[in-house]
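Participant: Here's a structure for you.
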Amino acid sequence: MSASSPVSIAAPRAPLAAVLDDRLARVHPYLLRLGAFGVGALVACSFAPLQWWLLAILGPAVLMFLWESASPRAAAWLGFWFNFGTFFFGTIWLYTGLHVMGGAPAWMAFGLMLGLTSIMALYQAGVGYAIARWLPEGPVRWLVGMPAVWVFIEWWRGWFLSGFAWLSLGYSQTDTWLGNWAPIIGVYGISALLLASAGALVAMVRGSTRVRVIAAAVIVAPWLAAPALGSIEWTRPSGPPVAVAIAQGAIPQQQKWLESNHDHTLNLYRKLAEEGFGTPLIVFPEASLPDLANELLPYLQSLYRDASSAGSAVVLGILRADVKGATEQYYNSVLALGDQVQWYDKSHLVPFAEFFPVPQFVRSWLRLMNLPYSDFTRGDAHQPPLRAGGLKMATTICYEDGYGSAQLPALREADTLVNVTNDAWFGHGSARHQHFQLARMRAMEAQRYMIRAANDGISAVIGPHGEIVARAPDFRRFLLHSAVTPRTGLTLYARVGNWLVISLATLGIVVAVAMRTIAARGRAKLRTRDRG
């Protein structure tokens, strides 16, 4: 083979990589896809409640290694089955919410779950295809290109067509040193660090001695820097601690909206509130009262009057109707009964739970099947913080806390975060733990306390570094007492959002593709010279 041969331009394979490649070449493609599915399923274990966080590095590293010797089509299939495994096992609680709690037929619930899983898998199929088709071989691919493409698509799926940010890799690190990067680069930045480490593991197997040294530095550097970053206080207290009480009604979802249980639920939350009277702030969970606010005016007025007399403000999740012309619109809202009455209306609605992107004939069928079919109306994208109990609270309802950048405008005024939710839809499965992990990441990114009220758990107060200050027992009627300290100031992430990480990822993609183009032109020149 001549020195001018085009083959000599490609990075030589390390001995171990050569052996593994040769063995993988003998494996049937279907078995490789099954292996990718299994590895993806293991990645789901890196999130709460198991939190085997190391799998968030090892799983992607295995997939990246498989991509190395794959054609674009084969890489797409490997990526598809990897993400299918992650989301099938990571979101299996959707079946519980749709069928067991929501009453949808089993075939429909399972079909919708598979549909969402398949859509998430298609994102990773695109990642695999792009990497195999357009990225160069060698260190730039392993250390720059693959992590950049992956994190860019992870961010993309978090907002495109309303988005689904669940199971972003960075959430797996809420209890590791890497979590200290959250106030600087946010959850997607932590994902980028994990993926760079995964690519570095591939480089350790495939690269030269020099490449391995660089790869080792890529793996170790973020962990070495993390303790120092954790000592940086980006925000500071802006007032004395404020006592809070979180009312957890623990009403089973199947009983929540029964007419026979209506008065019992109202009385239960009234008694919980009375137990907390004298506490500056009392918080109820999402849709805590089983009726529209419009129908509960006497109840709410009485609660407001008695709480105010006792020196308490009440913030509660409730549904409301608003008549505009001939149309009655429904909102999933939070009502603040403090020095003044304020509303927050949920902006980021959940498909097939709060709005139904289906034709009218499907809505008619849902009506006949006695299934929910009416849409809620979106609140404004930017709403001011709720003021109650001496706090200014950036407010989210349910899964809205999965969209970290959406709360950033409110942080310029807000000194506390509050999330009200009802994870009872998903039973005793992993959803509540995964959702709680999202909430902890939001507190870490903003470096503010979060008050979290859930119908049957996880109700808690989360500290500005993601620590659990106080937590109510799950599935029990409970009034959780704790305190939060208002904080002012902005973290770097609160100032720039995801744009720093996504800009760097975009730059990484451009550099990798450009180097492949340069290498291709070099090969073309060599071929031309050889023919000459």
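Convention: chains lettered A, B, ... in structure tokens order; per-chain residue numbering from 1; ligands numbered from 1 as shown.
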Just the strand (DSSP E) stuff from stretch 151-374 of chain A, please, per backbone DSSP, written as a ChimeraX atom specification.
Facilitator: /A:236-237,242-248,281-283,313-324,327-337,341-345
Participant: Env of A:Ser302: 12 Å cut, atoms = only C-alpha atoms, seq-sep filter 5 positions within chain, self excluded. Answer as a list in words.
Facilitator: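 Contacts, with the query itself left out: Arg270, Ala273, Glu274, Leu296, Leu297, Ala307, Ser308, Ser309, Val314 and Leu337 of chain A.
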Participant: May I have the selected residues written with N, CA, C and O atoms, as a PDB file, in the first residue's frame?
Facilitator:
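For reference, part_21.pdb as written:
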```
ATOM      1  N   ARG A 270     -59.626  22.354  53.831  1.00  0.00           N
ATOM      2  CA  ARG A 270     -59.917  23.431  54.776  1.00  0.00           C
ATOM      3  C   ARG A 270     -59.278  23.134  56.136  1.00  0.00           C
ATOM      4  O   ARG A 270     -58.664  24.018  56.761  1.00  0.00           O
ATOM      5  N   ALA A 273     -55.538  23.593  55.946  1.00  0.00           N
ATOM      6  CA  ALA A 273     -55.222  25.027  55.986  1.00  0.00           C
ATOM      7  C   ALA A 273     -55.318  25.563  57.407  1.00  0.00           C
ATOM      8  O   ALA A 273     -54.456  26.328  57.860  1.00  0.00           O
ATOM      9  N   GLU A 274     -56.361  25.152  58.130  1.00  0.00           N
ATOM     10  CA  GLU A 274     -56.536  25.633  59.501  1.00  0.00           C
ATOM     11  C   GLU A 274     -55.384  25.183  60.394  1.00  0.00           C
ATOM     12  O   GLU A 274     -54.959  25.916  61.296  1.00  0.00           O
ATOM     13  N   LEU A 296     -66.821  27.869  43.447  1.00  0.00           N
ATOM     14  CA  LEU A 296     -66.374  27.768  44.839  1.00  0.00           C
ATOM     15  C   LEU A 296     -66.114  29.137  45.462  1.00  0.00           C
ATOM     16  O   LEU A 296     -65.360  29.248  46.429  1.00  0.00           O
ATOM     17  N   LEU A 297     -66.749  30.170  44.939  1.00  0.00           N
ATOM     18  CA  LEU A 297     -66.476  31.515  45.439  1.00  0.00           C
ATOM     19  C   LEU A 297     -66.735  31.662  46.942  1.00  0.00           C
ATOM     20  O   LEU A 297     -65.897  32.228  47.660  1.00  0.00           O
ATOM     21  N   ALA A 307     -57.805  32.944  56.665  1.00  0.00           N
ATOM     22  CA  ALA A 307     -56.343  32.854  56.581  1.00  0.00           C
ATOM     23  C   ALA A 307     -55.711  34.221  56.804  1.00  0.00           C
ATOM     24  O   ALA A 307     -54.717  34.344  57.545  1.00  0.00           O
ATOM     25  N   SER A 308     -56.278  35.252  56.204  1.00  0.00           N
ATOM     26  CA  SER A 308     -55.739  36.606  56.367  1.00  0.00           C
ATOM     27  C   SER A 308     -55.819  37.051  57.820  1.00  0.00           C
ATOM     28  O   SER A 308     -54.879  37.672  58.346  1.00  0.00           O
ATOM     29  N   SER A 309     -56.905  36.705  58.468  1.00  0.00           N
ATOM     30  CA  SER A 309     -57.054  37.074  59.884  1.00  0.00           C
ATOM     31  C   SER A 309     -56.000  36.403  60.746  1.00  0.00           C
ATOM     32  O   SER A 309     -55.571  36.951  61.768  1.00  0.00           O
ATOM     33  N   VAL A 314     -52.526  32.083  51.200  1.00  0.00           N
ATOM     34  CA  VAL A 314     -52.744  30.741  50.651  1.00  0.00           C
ATOM     35  C   VAL A 314     -52.501  30.797  49.142  1.00  0.00           C
ATOM     36  O   VAL A 314     -53.016  31.685  48.450  1.00  0.00           O
ATOM     37  N   LEU A 337     -53.867  33.977  47.284  1.00  0.00           N
ATOM     38  CA  LEU A 337     -54.696  34.778  48.179  1.00  0.00           C
ATOM     39  C   LEU A 337     -53.769  35.411  49.210  1.00  0.00           C
ATOM     40  O   LEU A 337     -53.566  34.893  50.311  1.00  0.00           O
TER      41      LEU A 337
END
```
Participant: I'd like a table as a tab-separated table: residues in stretch 179-249 of chain A with an atom no more than 8 Å from stretch 492-511 of chain A, each row giving the shortest atom pair and its distance in Å to one decimal, only C-alpha atoms counted, sorted by chain and rising residue number.
Facilitator:
```
residue	atom	partner	partner_atom	distance
A:Ala182	CA	A:Tyr493	CA	7.5
A:Pro183	CA	A:Tyr493	CA	5.3
A:Ile184	CA	A:Tyr493	CA	4.8
A:Ile185	CA	A:Tyr493	CA	5.5
A:Gly186	CA	A:Tyr493	CA	5.9
A:Tyr188	CA	A:Val501	CA	7.1
A:Gly189	CA	A:Val501	CA	5.7
A:Ala192	CA	A:Val501	CA	7.9
A:Trp234	CA	A:Leu492	CA	7.8
```
Participant: Can you work out the spacing between atom CA of A:Trp150 and atom CA of A:Trp181 in Å, to one decimal?
Facilitator: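 Interatomic distance here is 18.9 Å.
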Participant: Have a look at atom CA of A:Gly59 and atom CA of A:Leu201 and let me know their distance in Å, one decimal.
Facilitator: 10.9 Å
Participant: What does the structure give for the distance between atom CA of A:Ser482 and atom CA of A:Val469, in Å to one decimal?
Facilitator: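 Calculated distance between atom CA of A:Ser482 and atom CA of A:Val469 is 7.8 Å.
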Participant: My list of candidates is A:Ala243, A:Ala198, A:Ala48, A:Met146. Which is closest to A:Gly276 when distances are computed with only C-alpha atoms?
Facilitator: A:Ala243
Participant: Considering only C-alpha atoms, state which residue in the set A:Ala104, A:Met204, A:Ala221, A:Ala17 is at the smallest distance from A:Glu68.
Facilitator: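 Comparing A:Ala104, A:Met204, A:Ala221, A:Ala17 against A:Glu68, the winner is A:Ala17.
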Participant: Fewer than 6 positions away in the same chain doesn't count, so skip those; otherwise give me all residues within 12 Å of A:Asp423, counting only C-alpha atoms, as an mmCIF file with all heavy atoms, in the first residue's frame.
Facilitator:
```cif
data_model
loop_
_atom_site.group_PDB
_atom_site.id
_atom_site.type_symbol
_atom_site.label_atom_id
_atom_site.label_comp_id
_atom_site.auth_asym_id
_atom_site.auth_seq_id
_atom_site.Cartn_x
_atom_site.Cartn_y
_atom_site.Cartn_z
ATOM 1 N N TRP A 93 -44.727 4.517 32.923
ATOM 2 C CA TRP A 93 -45.784 5.053 33.779
ATOM 3 C C TRP A 93 -46.874 5.763 32.977
ATOM 4 O O TRP A 93 -47.970 6.000 33.504
ATOM 5 C CB TRP A 93 -45.189 6.022 34.806
ATOM 6 C CG TRP A 93 -44.136 6.922 34.268
ATOM 7 C CD1 TRP A 93 -42.784 6.754 34.349
ATOM 8 C CD2 TRP A 93 -44.326 8.156 33.547
ATOM 9 N NE1 TRP A 93 -42.113 7.793 33.731
ATOM 10 C CE2 TRP A 93 -43.034 8.662 33.241
ATOM 11 C CE3 TRP A 93 -45.450 8.872 33.158
ATOM 12 C CZ2 TRP A 93 -42.858 9.852 32.537
ATOM 13 C CZ3 TRP A 93 -45.275 10.050 32.461
ATOM 14 C CH2 TRP A 93 -43.988 10.530 32.161
ATOM 15 N N LEU A 94 -46.594 6.101 31.716
ATOM 16 C CA LEU A 94 -47.642 6.716 30.892
ATOM 17 C C LEU A 94 -48.835 5.788 30.743
ATOM 18 O O LEU A 94 -49.993 6.232 30.700
ATOM 19 C CB LEU A 94 -47.080 7.070 29.510
ATOM 20 C CG LEU A 94 -46.198 8.312 29.417
ATOM 21 C CD1 LEU A 94 -45.538 8.397 28.054
ATOM 22 C CD2 LEU A 94 -47.017 9.562 29.696
ATOM 23 N N THR A 96 -49.942 3.702 32.942
ATOM 24 C CA THR A 96 -50.724 3.809 34.180
ATOM 25 C C THR A 96 -51.604 5.052 34.155
ATOM 26 O O THR A 96 -52.795 4.997 34.483
ATOM 27 C CB THR A 96 -49.779 3.860 35.394
ATOM 28 O OG1 THR A 96 -48.966 2.690 35.414
ATOM 29 C CG2 THR A 96 -50.569 3.943 36.690
ATOM 30 N N GLY A 97 -51.006 6.177 33.750
ATOM 31 C CA GLY A 97 -51.773 7.418 33.734
ATOM 32 C C GLY A 97 -52.931 7.397 32.757
ATOM 33 O O GLY A 97 -54.021 7.891 33.051
ATOM 34 N N MET A 101 -55.521 5.194 35.518
ATOM 35 C CA MET A 101 -56.085 6.399 36.124
ATOM 36 C C MET A 101 -57.010 7.154 35.167
ATOM 37 O O MET A 101 -58.028 7.691 35.580
ATOM 38 C CB MET A 101 -54.955 7.327 36.581
ATOM 39 C CG MET A 101 -53.999 6.687 37.570
ATOM 40 S SD MET A 101 -54.822 6.231 39.114
ATOM 41 C CE MET A 101 -53.429 5.557 40.021
ATOM 42 N N GLN A 248 -50.728 18.432 51.745
ATOM 43 C CA GLN A 248 -50.767 17.257 50.874
ATOM 44 C C GLN A 248 -52.005 16.446 51.228
ATOM 45 O O GLN A 248 -52.048 15.776 52.250
ATOM 46 C CB GLN A 248 -49.497 16.416 51.061
ATOM 47 C CG GLN A 248 -49.445 15.168 50.193
ATOM 48 C CD GLN A 248 -48.120 14.434 50.338
ATOM 49 O OE1 GLN A 248 -47.096 14.876 49.824
ATOM 50 N NE2 GLN A 248 -48.142 13.314 51.047
ATOM 51 N N ALA A 250 -53.402 13.838 49.610
ATOM 52 C CA ALA A 250 -53.262 12.398 49.361
ATOM 53 C C ALA A 250 -54.595 11.749 49.005
ATOM 54 O O ALA A 250 -54.933 10.672 49.503
ATOM 55 C CB ALA A 250 -52.619 11.704 50.560
ATOM 56 N N ILE A 251 -55.328 12.395 48.120
ATOM 57 C CA ILE A 251 -56.606 11.838 47.665
ATOM 58 C C ILE A 251 -56.344 10.980 46.434
ATOM 59 O O ILE A 251 -55.776 11.469 45.448
ATOM 60 C CB ILE A 251 -57.598 12.965 47.336
ATOM 61 C CG1 ILE A 251 -57.860 13.806 48.588
ATOM 62 C CG2 ILE A 251 -58.898 12.409 46.773
ATOM 63 C CD1 ILE A 251 -58.607 15.078 48.322
ATOM 64 N N PRO A 252 -56.721 9.706 46.446
ATOM 65 C CA PRO A 252 -56.502 8.849 45.276
ATOM 66 C C PRO A 252 -57.112 9.460 44.015
ATOM 67 O O PRO A 252 -58.221 10.034 44.076
ATOM 68 C CB PRO A 252 -57.173 7.535 45.658
ATOM 69 C CG PRO A 252 -57.166 7.538 47.156
ATOM 70 C CD PRO A 252 -57.351 8.967 47.553
ATOM 71 N N GLN A 253 -56.418 9.342 42.894
ATOM 72 C CA GLN A 253 -56.882 9.970 41.665
ATOM 73 C C GLN A 253 -58.256 9.474 41.246
ATOM 74 O O GLN A 253 -59.077 10.235 40.725
ATOM 75 C CB GLN A 253 -55.870 9.718 40.540
ATOM 76 C CG GLN A 253 -56.140 10.512 39.268
ATOM 77 C CD GLN A 253 -56.109 12.014 39.496
ATOM 78 O OE1 GLN A 253 -55.326 12.513 40.308
ATOM 79 N NE2 GLN A 253 -56.971 12.738 38.804
ATOM 80 N N PRO A 285 -51.650 21.750 46.373
ATOM 81 C CA PRO A 285 -51.156 21.228 45.090
ATOM 82 C C PRO A 285 -52.033 21.599 43.892
ATOM 83 O O PRO A 285 -53.049 22.298 44.028
ATOM 84 C CB PRO A 285 -51.130 19.716 45.312
ATOM 85 C CG PRO A 285 -52.104 19.475 46.400
ATOM 86 C CD PRO A 285 -52.094 20.684 47.274
ATOM 87 N N GLU A 286 -51.645 21.098 42.735
ATOM 88 C CA GLU A 286 -52.350 21.343 41.476
ATOM 89 C C GLU A 286 -53.785 20.843 41.548
ATOM 90 O O GLU A 286 -54.051 19.737 42.032
ATOM 91 C CB GLU A 286 -51.626 20.634 40.333
ATOM 92 C CG GLU A 286 -52.314 20.752 38.980
ATOM 93 C CD GLU A 286 -51.677 19.872 37.916
ATOM 94 O OE1 GLU A 286 -50.864 18.982 38.277
ATOM 95 O OE2 GLU A 286 -51.980 20.071 36.731
ATOM 96 N N ALA A 287 -54.728 21.674 41.042
ATOM 97 C CA ALA A 287 -56.149 21.298 40.982
ATOM 98 C C ALA A 287 -56.588 20.641 42.279
ATOM 99 O O ALA A 287 -57.269 19.612 42.285
ATOM 100 C CB ALA A 287 -56.395 20.371 39.791
ATOM 101 N N SER A 288 -56.194 21.238 43.397
ATOM 102 C CA SER A 288 -56.434 20.614 44.702
ATOM 103 C C SER A 288 -57.913 20.536 45.047
ATOM 104 O O SER A 288 -58.352 19.567 45.681
ATOM 105 C CB SER A 288 -55.690 21.392 45.787
ATOM 106 O OG SER A 288 -55.996 22.778 45.720
ATOM 107 N N ILE A 397 -46.739 24.856 36.968
ATOM 108 C CA ILE A 397 -47.753 23.849 37.269
ATOM 109 C C ILE A 397 -47.341 22.547 36.604
ATOM 110 O O ILE A 397 -47.078 22.511 35.398
ATOM 111 C CB ILE A 397 -49.143 24.285 36.765
ATOM 112 C CG1 ILE A 397 -49.582 25.588 37.450
ATOM 113 C CG2 ILE A 397 -50.183 23.189 37.007
ATOM 114 C CD1 ILE A 397 -50.896 26.143 36.925
ATOM 115 N N CYS A 398 -47.288 21.492 37.388
ATOM 116 C CA CYS A 398 -47.009 20.151 36.894
ATOM 117 C C CYS A 398 -45.705 20.133 36.098
ATOM 118 O O CYS A 398 -44.673 20.602 36.548
ATOM 119 C CB CYS A 398 -48.195 19.639 36.076
ATOM 120 S SG CYS A 398 -48.114 17.882 35.660
ATOM 121 N N TYR A 399 -45.780 19.619 34.875
ATOM 122 C CA TYR A 399 -44.590 19.359 34.062
ATOM 123 C C TYR A 399 -43.962 20.637 33.491
ATOM 124 O O TYR A 399 -42.922 20.580 32.847
ATOM 125 C CB TYR A 399 -44.980 18.386 32.946
ATOM 126 C CG TYR A 399 -43.897 18.044 31.966
ATOM 127 C CD1 TYR A 399 -42.620 17.710 32.394
ATOM 128 C CD2 TYR A 399 -44.144 18.037 30.603
ATOM 129 C CE1 TYR A 399 -41.623 17.385 31.494
ATOM 130 C CE2 TYR A 399 -43.162 17.709 29.693
ATOM 131 C CZ TYR A 399 -41.899 17.386 30.152
ATOM 132 O OH TYR A 399 -40.918 17.070 29.255
ATOM 133 N N GLY A 429 -45.290 4.445 40.482
ATOM 134 C CA GLY A 429 -44.154 4.196 39.602
ATOM 135 C C GLY A 429 -43.072 5.249 39.707
ATOM 136 O O GLY A 429 -43.030 6.065 40.641
ATOM 137 N N SER A 430 -42.205 5.256 38.704
ATOM 138 C CA SER A 430 -41.020 6.110 38.731
ATOM 139 C C SER A 430 -41.307 7.561 38.379
ATOM 140 O O SER A 430 -40.446 8.423 38.576
ATOM 141 C CB SER A 430 -39.967 5.560 37.764
ATOM 142 O OG SER A 430 -40.475 5.536 36.432
ATOM 143 N N ALA A 431 -42.492 7.864 37.845
ATOM 144 C CA ALA A 431 -42.762 9.221 37.349
ATOM 145 C C ALA A 431 -42.562 10.270 38.422
ATOM 146 O O ALA A 431 -41.958 11.325 38.175
ATOM 147 C CB ALA A 431 -44.181 9.304 36.790
ATOM 148 N N ARG A 432 -43.069 10.020 39.623
ATOM 149 C CA ARG A 432 -42.976 11.032 40.684
ATOM 150 C C ARG A 432 -41.504 11.314 41.039
ATOM 151 O O ARG A 432 -41.137 12.449 41.324
ATOM 152 C CB ARG A 432 -43.767 10.590 41.919
ATOM 153 C CG ARG A 432 -43.203 9.377 42.632
ATOM 154 C CD ARG A 432 -44.037 8.926 43.824
ATOM 155 N NE ARG A 432 -45.403 8.655 43.426
ATOM 156 C CZ ARG A 432 -46.462 9.360 43.852
ATOM 157 N NH1 ARG A 432 -46.271 10.350 44.703
ATOM 158 N NH2 ARG A 432 -47.664 9.070 43.455
ATOM 159 N N HIS A 433 -40.682 10.269 41.023
ATOM 160 C CA HIS A 433 -39.270 10.451 41.353
ATOM 161 C C HIS A 433 -38.529 11.189 40.235
ATOM 162 O O HIS A 433 -37.686 12.049 40.505
ATOM 163 C CB HIS A 433 -38.630 9.092 41.614
ATOM 164 C CG HIS A 433 -39.297 8.314 42.707
ATOM 165 N ND1 HIS A 433 -39.099 8.595 44.039
ATOM 166 C CD2 HIS A 433 -40.181 7.277 42.658
ATOM 167 C CE1 HIS A 433 -39.816 7.763 44.770
ATOM 168 N NE2 HIS A 433 -40.478 6.956 43.958
ATOM 169 N N GLN A 434 -38.826 10.848 38.995
ATOM 170 C CA GLN A 434 -38.215 11.554 37.867
ATOM 171 C C GLN A 434 -38.630 13.018 37.863
ATOM 172 O O GLN A 434 -37.802 13.915 37.617
ATOM 173 C CB GLN A 434 -38.607 10.877 36.564
ATOM 174 C CG GLN A 434 -38.057 9.475 36.397
ATOM 175 C CD GLN A 434 -38.650 8.765 35.197
ATOM 176 O OE1 GLN A 434 -39.475 9.320 34.467
ATOM 177 N NE2 GLN A 434 -38.246 7.520 34.982
ATOM 178 N N HIS A 435 -39.917 13.265 38.132
ATOM 179 C CA HIS A 435 -40.421 14.633 38.142
ATOM 180 C C HIS A 435 -39.765 15.437 39.262
ATOM 181 O O HIS A 435 -39.414 16.619 39.090
ATOM 182 C CB HIS A 435 -41.934 14.629 38.295
ATOM 183 C CG HIS A 435 -42.571 15.945 38.006
ATOM 184 N ND1 HIS A 435 -43.898 16.196 38.232
ATOM 185 C CD2 HIS A 435 -42.060 17.103 37.509
ATOM 186 C CE1 HIS A 435 -44.174 17.444 37.890
ATOM 187 N NE2 HIS A 435 -43.070 18.013 37.453
ATOM 188 N N PHE A 436 -39.584 14.816 40.415
ATOM 189 C CA PHE A 436 -38.934 15.485 41.530
ATOM 190 C C PHE A 436 -37.487 15.840 41.178
ATOM 191 O O PHE A 436 -36.964 16.884 41.576
ATOM 192 C CB PHE A 436 -38.986 14.581 42.764
ATOM 193 C CG PHE A 436 -38.524 15.241 44.036
ATOM 194 C CD1 PHE A 436 -39.089 16.427 44.479
ATOM 195 C CD2 PHE A 436 -37.525 14.667 44.814
ATOM 196 C CE1 PHE A 436 -38.672 17.034 45.660
ATOM 197 C CE2 PHE A 436 -37.102 15.255 45.987
ATOM 198 C CZ PHE A 436 -37.680 16.440 46.413
ATOM 199 N N ARG A 452 -42.611 22.837 46.702
ATOM 200 C CA ARG A 452 -43.250 21.887 45.790
ATOM 201 C C ARG A 452 -44.408 21.199 46.513
ATOM 202 O O ARG A 452 -44.191 20.459 47.480
ATOM 203 C CB ARG A 452 -42.241 20.855 45.297
ATOM 204 C CG ARG A 452 -42.766 19.975 44.184
ATOM 205 C CD ARG A 452 -41.654 19.083 43.652
ATOM 206 N NE ARG A 452 -42.017 18.460 42.396
ATOM 207 C CZ ARG A 452 -42.590 17.258 42.288
ATOM 208 N NH1 ARG A 452 -42.886 16.565 43.377
ATOM 209 N NH2 ARG A 452 -42.874 16.758 41.101
ATOM 210 N N ALA A 453 -45.608 21.417 46.007
ATOM 211 C CA ALA A 453 -46.805 20.825 46.594
ATOM 212 C C ALA A 453 -47.401 19.824 45.618
ATOM 213 O O ALA A 453 -47.747 20.176 44.492
ATOM 214 C CB ALA A 453 -47.828 21.911 46.924
ATOM 215 N N ALA A 454 -47.502 18.564 46.049
ATOM 216 C CA ALA A 454 -48.037 17.494 45.209
ATOM 217 C C ALA A 454 -49.201 16.837 45.929
ATOM 218 O O ALA A 454 -49.208 16.748 47.165
ATOM 219 C CB ALA A 454 -46.960 16.459 44.892
ATOM 220 N N ASN A 455 -50.154 16.331 45.164
ATOM 221 C CA ASN A 455 -51.365 15.778 45.764
ATOM 222 C C ASN A 455 -51.069 14.627 46.714
ATOM 223 O O ASN A 455 -51.597 14.562 47.822
ATOM 224 C CB ASN A 455 -52.331 15.308 44.666
ATOM 225 C CG ASN A 455 -53.558 14.645 45.236
ATOM 226 O OD1 ASN A 455 -54.236 15.195 46.080
ATOM 227 N ND2 ASN A 455 -53.841 13.425 44.796
ATOM 228 N N ASP A 456 -50.221 13.678 46.267
ATOM 229 C CA ASP A 456 -49.880 12.560 47.149
ATOM 230 C C ASP A 456 -48.366 12.328 47.211
ATOM 231 O O ASP A 456 -47.913 11.257 47.586
ATOM 232 C CB ASP A 456 -50.617 11.282 46.723
ATOM 233 C CG ASP A 456 -50.257 10.809 45.330
ATOM 234 O OD1 ASP A 456 -49.412 11.466 44.683
ATOM 235 O OD2 ASP A 456 -50.808 9.794 44.882
ATOM 236 N N GLY A 457 -47.587 13.326 46.838
ATOM 237 C CA GLY A 457 -46.135 13.249 46.877
ATOM 238 C C GLY A 457 -45.556 13.362 45.469
ATOM 239 O O GLY A 457 -46.242 13.064 44.502
ATOM 240 N N ILE A 458 -44.362 13.858 45.364
ATOM 241 C CA ILE A 458 -43.434 14.195 46.418
ATOM 242 C C ILE A 458 -43.572 15.694 46.735
ATOM 243 O O ILE A 458 -43.245 16.537 45.903
ATOM 244 C CB ILE A 458 -41.996 13.869 45.992
ATOM 245 C CG1 ILE A 458 -41.863 12.380 45.671
ATOM 246 C CG2 ILE A 458 -40.994 14.286 47.035
ATOM 247 C CD1 ILE A 458 -40.528 12.002 45.040
ATOM 248 N N SER A 459 -44.093 15.988 47.953
ATOM 249 C CA SER A 459 -44.179 17.362 48.432
ATOM 250 C C SER A 459 -42.933 17.656 49.243
ATOM 251 O O SER A 459 -42.536 16.854 50.095
ATOM 252 C CB SER A 459 -45.429 17.552 49.292
ATOM 253 O OG SER A 459 -46.601 17.324 48.549
ATOM 254 N N ASP A 474 -44.868 10.124 51.342
ATOM 255 C CA ASP A 474 -45.729 9.911 50.183
ATOM 256 C C ASP A 474 -47.024 9.212 50.591
ATOM 257 O O ASP A 474 -47.062 8.420 51.542
ATOM 258 C CB ASP A 474 -45.018 9.056 49.136
ATOM 259 C CG ASP A 474 -43.862 9.791 48.471
ATOM 260 O OD1 ASP A 474 -43.692 10.987 48.745
ATOM 261 O OD2 ASP A 474 -43.140 9.161 47.681
ATOM 262 N N PHE A 475 -48.108 9.527 49.841
ATOM 263 C CA PHE A 475 -49.396 8.833 49.948
ATOM 264 C C PHE A 475 -50.038 8.976 51.330
ATOM 265 O O PHE A 475 -50.834 8.131 51.735
ATOM 266 C CB PHE A 475 -49.247 7.344 49.587
ATOM 267 C CG PHE A 475 -48.548 7.110 48.286
ATOM 268 C CD1 PHE A 475 -47.260 6.614 48.256
ATOM 269 C CD2 PHE A 475 -49.163 7.419 47.079
ATOM 270 C CE1 PHE A 475 -46.599 6.416 47.059
ATOM 271 C CE2 PHE A 475 -48.516 7.225 45.870
ATOM 272 C CZ PHE A 475 -47.224 6.714 45.866
#
```
Participant: Taking into account only C-alpha atoms, which residue in the set A:Leu349, A:Leu78, A:Val484, A:Leu268 is nearest to A:Gly38?
Facilitator: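 Smallest separation from A:Gly38 among the options: A:Leu78.
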Participant: Find the nearest atom pair between each residue of stretch 169-202 of chain A and stretch 124-138 of chain A for residues within 12 Å, count only C-alpha atoms, give distances in Å to one decimal, sort rows by chain and ascending number, and present the table as a Markdown table.
Facilitator:
```
| residue | atom | partner | partner_atom | distance |
| --- | --- | --- | --- | --- |
| A:Gly199 | CA | A:Gly138 | CA | 10.8 |
| A:Ala200 | CA | A:Gly138 | CA | 11.3 |
| A:Val202 | CA | A:Gly138 | CA | 10.0 |
```
Participant: Please provide the set of residues having any atom within 10 Å of A:Leu16, restricted to only C-alpha atoms, with same-chain residues fewer than 5 positions apart removed, written as a short mmCIF file (atom, residue, chain, number, x, y, z; two decimals) with all heavy atoms, in the first residue's frame.
Facilitator:
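The resulting out-v2.cif:
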```cif
data_model
loop_
_atom_site.label_atom_id
_atom_site.label_comp_id
_atom_site.auth_asym_id
_atom_site.auth_seq_id
_atom_site.Cartn_x
_atom_site.Cartn_y
_atom_site.Cartn_z
N ASP A 21 -14.01 -4.46 16.61
CA ASP A 21 -14.66 -4.22 15.32
C ASP A 21 -14.83 -5.52 14.54
O ASP A 21 -15.87 -5.77 13.94
CB ASP A 21 -13.87 -3.21 14.50
CG ASP A 21 -14.04 -1.79 15.00
OD1 ASP A 21 -14.97 -1.56 15.79
OD2 ASP A 21 -13.24 -0.92 14.60
N ASP A 22 -13.77 -6.33 14.53
CA ASP A 22 -13.84 -7.58 13.79
C ASP A 22 -14.90 -8.50 14.37
O ASP A 22 -15.62 -9.19 13.63
CB ASP A 22 -12.47 -8.27 13.81
CG ASP A 22 -11.42 -7.50 12.99
OD1 ASP A 22 -11.85 -6.68 12.15
OD2 ASP A 22 -10.22 -7.71 13.22
N VAL A 205 -10.42 3.80 23.82
CA VAL A 205 -10.32 2.48 23.21
C VAL A 205 -9.71 2.57 21.81
O VAL A 205 -8.89 1.75 21.41
CB VAL A 205 -11.71 1.81 23.14
CG1 VAL A 205 -11.65 0.47 22.40
CG2 VAL A 205 -12.27 1.60 24.54
N ARG A 206 -10.08 3.60 21.07
CA ARG A 206 -9.73 3.67 19.65
C ARG A 206 -8.50 4.52 19.35
O ARG A 206 -7.90 4.39 18.29
CB ARG A 206 -10.91 4.22 18.85
CG ARG A 206 -12.09 3.26 18.77
CD ARG A 206 -13.15 3.78 17.81
NE ARG A 206 -14.15 2.76 17.52
CZ ARG A 206 -14.03 1.83 16.60
NH1 ARG A 206 -12.94 1.78 15.87
NH2 ARG A 206 -14.98 0.94 16.41
#
```
Participant: Using only C-alpha atoms, which residue out of A:Ala109, A:Ala293, A:Ala25, A:Ile462 lies closest to A:Arg320?
Facilitator: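 That would be A:Ala293, the residue with the smallest distance to A:Arg320.
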